[in-house]
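J.: What follows is entry04.cif, mmCIF, C-alpha atoms.
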data_target
loop_
_atom_site.label_atom_id
_atom_site.label_comp_id
_atom_site.auth_asym_id
_atom_site.auth_seq_id
_atom_site.Cartn_x
_atom_site.Cartn_y
_atom_site.Cartn_z
CA MET A 1 93.02 100.54 65.53
CA ASN A 2 95.20 101.97 62.80
CA LYS A 3 97.82 99.33 63.62
CA PHE A 4 95.27 96.57 63.01
CA LYS A 5 94.22 98.18 59.70
CA SER A 6 97.80 98.60 58.53
CA GLU A 7 98.42 94.88 59.10
CA GLY A 8 95.30 93.88 57.17
CA THR A 9 93.29 92.80 60.22
CA PRO A 10 90.84 95.60 60.98
CA TYR A 11 89.16 95.30 64.36
CA VAL A 12 85.48 96.08 64.79
CA GLY A 13 83.97 95.97 68.25
CA ILE A 14 84.58 96.96 71.83
CA LEU A 15 88.10 97.45 73.11
CA TYR A 16 88.63 98.19 76.80
CA LEU A 17 92.01 99.23 78.17
CA GLY A 18 92.38 98.79 81.93
CA ILE A 19 94.79 101.58 82.85
CA LEU A 20 96.35 102.34 86.22
CA ILE A 21 97.84 105.78 86.85
CA ASP A 22 100.84 105.54 89.17
CA GLU A 23 101.98 108.11 91.75
CA ASN A 24 103.96 109.95 89.02
CA ASP A 25 100.93 110.19 86.68
CA ASN A 26 102.36 107.54 84.35
CA PRO A 27 99.74 105.30 82.71
CA ILE A 28 100.27 101.54 83.01
CA ILE A 29 98.12 99.17 80.92
CA LEU A 30 96.82 96.41 83.19
CA GLU A 31 94.68 94.59 80.65
CA ILE A 32 93.11 94.73 77.22
CA ASN A 33 89.60 93.32 77.12
CA THR A 34 87.03 92.86 74.37
CA ARG A 35 84.16 90.97 76.04
CA ALA A 36 80.99 92.99 76.50
CA GLY A 37 79.85 90.82 79.42
CA ASP A 38 82.70 91.83 81.68
CA PRO A 39 82.29 94.41 84.47
CA GLU A 40 84.37 96.95 82.55
CA PHE A 41 81.69 97.17 79.87
CA ASN A 42 79.02 97.71 82.53
CA CYS A 43 81.09 100.62 83.85
CA ILE A 44 81.58 102.28 80.45
CA CYS A 45 78.00 101.97 79.10
CA PRO A 46 76.34 104.59 81.33
CA LEU A 47 78.95 107.15 80.30
CA ILE A 48 78.34 106.88 76.53
CA ASN A 49 76.12 109.70 75.28
CA GLU A 50 75.07 107.93 72.05
CA SER A 51 72.71 104.99 71.71
CA ILE A 52 74.73 101.88 72.53
CA ALA A 53 72.34 99.74 70.49
CA LYS A 54 72.94 101.94 67.42
CA LEU A 55 76.71 101.89 67.95
CA LEU A 56 76.76 98.09 68.16
CA HIS A 57 74.45 97.77 65.14
CA ASP A 58 76.64 100.11 63.11
CA CYS A 59 79.74 98.09 64.09
CA ALA A 60 78.07 94.82 63.14
CA THR A 61 76.91 96.17 59.76
CA ASN A 62 80.21 97.91 58.92
CA LYS A 63 78.69 101.39 58.89
CA PRO A 64 81.09 104.29 59.46
CA LEU A 65 81.29 105.28 63.11
CA LYS A 66 81.38 108.84 64.35
CA PRO A 67 83.55 109.66 67.36
CA VAL A 68 81.82 108.60 70.56
CA SER A 69 81.20 111.27 73.19
CA PHE A 70 81.21 110.52 76.89
CA SER A 71 79.57 112.06 79.94
CA ASN A 72 81.78 113.86 82.45
CA LYS A 73 80.35 111.72 85.23
CA LYS A 74 82.22 108.86 86.91
CA SER A 75 81.17 105.23 86.96
CA VAL A 76 82.11 102.37 89.29
CA SER A 77 81.27 98.67 88.90
CA LEU A 78 81.55 96.01 91.59
CA ARG A 79 81.50 92.28 90.89
CA ILE A 80 79.87 89.97 93.44
CA ILE A 81 81.07 86.36 93.22
CA ASN A 82 80.59 83.09 95.03
CA LYS A 83 83.08 82.68 97.90
CA ASP A 84 84.08 79.32 96.41
CA TYR A 85 84.62 80.47 92.84
CA SER A 86 85.74 77.13 91.42
CA LEU A 87 84.54 74.57 88.90
CA LYS A 88 84.63 71.92 91.64
CA TYR A 89 81.92 73.88 93.46
CA LEU A 90 79.75 73.72 90.35
CA ARG A 91 79.65 69.95 90.37
CA GLU A 92 78.89 69.65 94.08
CA LYS A 93 76.41 72.37 95.00
CA GLU A 94 73.62 74.57 93.78
CA ASN A 95 74.97 77.99 92.99
CA ASN A 96 72.19 80.57 93.06
CA PRO A 97 73.03 84.28 92.86
CA PRO A 98 72.38 86.54 95.87
CA LYS A 99 68.87 87.93 96.16
CA LEU A 100 69.20 91.69 95.81
CA PRO A 101 66.31 94.16 95.59
CA LEU A 102 65.93 96.25 92.45
CA SER A 103 67.28 99.77 92.57
CA SER A 104 66.34 102.71 90.35
CA GLU A 105 69.74 104.31 91.02
CA LEU A 106 71.98 101.33 90.29
CA SER A 107 72.39 98.92 87.42
CA ILE A 108 72.32 95.32 88.68
CA ASN A 109 73.23 92.60 86.16
CA PHE A 110 73.34 88.87 86.82
CA ASN A 111 75.60 86.78 84.62
CA LYS A 112 76.82 83.21 84.39
CA ASP A 113 80.42 82.28 83.54
CA ARG A 114 81.23 78.57 83.12
CA GLY A 115 78.18 77.79 85.21
CA LEU A 116 79.05 80.15 88.08
CA PHE A 117 76.65 82.99 88.72
CA TYR A 118 77.97 86.43 89.48
CA CYS A 119 76.47 89.87 89.76
CA VAL A 120 77.78 93.26 88.63
CA ILE A 121 76.45 96.40 90.29
CA THR A 122 77.20 99.73 88.60
CA SER A 123 76.70 103.28 89.84
CA THR A 124 77.25 106.59 88.05
CA ASP A 125 77.69 109.87 89.91
CA GLU A 126 79.67 113.12 89.95
CA THR A 127 82.78 111.58 91.56
CA ILE A 128 84.30 108.12 91.84
CA GLN A 129 83.88 108.33 95.61
CA GLN A 130 80.15 109.11 95.32
CA ALA A 131 79.58 106.30 92.78
CA SER A 132 81.48 103.87 94.98
CA ASP A 133 79.61 104.98 98.13
CA ASN A 134 76.27 104.46 96.32
CA ILE A 135 77.11 100.79 95.79
CA TYR A 136 78.49 100.12 99.27
CA ASN A 137 75.56 101.90 100.94
CA PHE A 138 73.16 99.79 98.88
CA LEU A 139 74.94 96.57 99.92
CA LYS A 140 75.12 97.52 103.60
CA ASN A 141 73.24 94.99 105.73
CA LYS A 142 72.22 92.87 102.72
CA ASP A 143 72.32 89.10 103.18
CA MET A 144 74.91 87.96 100.65
CA GLY A 145 74.59 84.26 101.42
CA ASN A 146 77.64 82.48 100.03
CA TYR A 147 78.65 85.53 97.95
CA THR A 148 81.31 88.15 98.57
CA PHE A 149 82.80 91.29 97.05
CA ARG A 150 85.84 93.48 97.41
CA LYS A 151 85.46 96.41 99.74
CA ASP A 152 88.11 98.66 98.17
CA ILE A 153 86.70 99.32 94.67
CA GLY A 154 86.82 103.01 93.80
CA LYS A 155 88.99 103.78 96.83
CA LEU A 156 92.44 105.31 96.80
CA LEU A 157 94.63 103.21 99.05
#
Would you encode the structure as structure tokens?
T.:
Amino acid sequence: MNKFKSEGTPYVGILYLGILIDENDNPIILEINTRAGDPEFNCICPLINESIAKLLHDCATNKPLKPVSFSNKKSVSLRIINKDYSLKYLREKENNPPKLPLSSELSINFNKDRGLFYCVITSTDETIQQASDNIYNFLKNKDMGNYTFRKDIGKLL
């Protein structure tokens, strides 16, 4: 952020760095993201100890921000998308999201990107493995219709 300020373009908002840690513990930046609707934001929100609404309001009104504290828990998000994730599909077929039951232990958010529905399921637990297992156990035996998801999220391969 100091780099932005020093160049006269201060940044206010959410900044997500997708970082991979390689086998030698070296961090590698995979992506930089600023959109709050992306799955990364869903994964970070449950770990923030402060009021997210207040943080966003303070950002929008240029109020000074205090350092944000985070929970020690782990969070995993899984994106469920249409098997034919293409704009061509949009013009030819109805594209309704999967029907999933509500869960008190998971956050389930339905979104629409360029007309294509998708769903993000987020779980928070003591370990990445437990958070990941919560999602996969929830999805077990659910009728996903024409939707699919990766089966390796939160897993060390």
J.: Applying 6 Å and only C-alpha atoms, which residues near range 136-152 of chain A remain after dropping the ones on its own chain fewer than 4 positions away? List them as a list in words.
T.: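 Close residues of range 136-152 of chain A: Ile80, Ile81, Asn82, Lys83 and Pro98 of chain A.
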J.: To one decimal place, how far is CA of Ile108 in chain A from CA of Lys66 in chain A in Å?
T.: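 These atoms are spaced 29.3 Å apart.
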J.: Between A:Ile19, A:Ile28, A:Leu47, A:Val12, single out the one closest to Thr61 in chain A, counting all atoms listed in the file.
T.: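 So, comparing all the options, the nearest one is A:Val12.
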J.: Could you pull the residues within 10 Å of Ser51 in chain A, counting only C-alpha atoms, minus those fewer than 6 positions along the same chain, as a PDB file with C-alpha atoms, in the frame of the given file?
T.:
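Final output, saved to around27.pdb:
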ATOM      1  CA  CYS A  45      78.000 101.970  79.100  1.00  0.00           C
ATOM      2  CA  HIS A  57      74.450  97.770  65.140  1.00  0.00           C
ATOM      3  CA  VAL A  68      81.820 108.600  70.560  1.00  0.00           C
TER       4      VAL A  68
END
J.: Once the PyMOL selection byres ((chain A and resi 65) around 12) has been evaluated on this model, what residues remain selected, and can you format them as a PyMOL selection string?
T.: chain A and resi 12-13+50+52+54-64+66-69
J.: Report the residues retrieved by the PyMOL selection byres ((chain A and resi 31) around 8) from the displayed file, expressed as a list in words.
T.: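 This file gives the following for the PyMOL selection byres ((chain A and resi 31) around 8): Leu17, Gly18, Ile19, Ile29, Leu30, Ile32 and Asn33 of chain A.
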J.: Find the residues with any atom within 7 Å of (80.0, 89.3, 87.0); use all atoms listed in the file and the coordinates as given in the file, and write the answer as an MDAnalysis selection string.
T.: chainID A and resid 38:39 79:81 110:111 118:120
J.: Taking the file above as input, evaluate the PyMOL selection byres ((chain A and resi 71) around 12) and report the hits as an MDAnalysis selection string.
T.: chainID A and resid 44:50 68:70 72:75 124:126
J.: Given the choices A:Pro27, A:Leu116, A:Ser103, A:Asn42, which gets closest to Ile135 in chain A if the distance is worked out from all atoms listed in the file?
T.: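 Of A:Pro27, A:Leu116, A:Ser103, A:Asn42, the one nearest Ile135 in chain A is A:Ser103, counting all atoms listed in the file.
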J.: Can you measure CA of Asn109 in chain A to CA of Glu40 in chain A for me? One decimal in Å is fine.
T.: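 Answer for the CA of Asn109 in chain A to CA of Glu40 in chain A separation: 12.5 Å.
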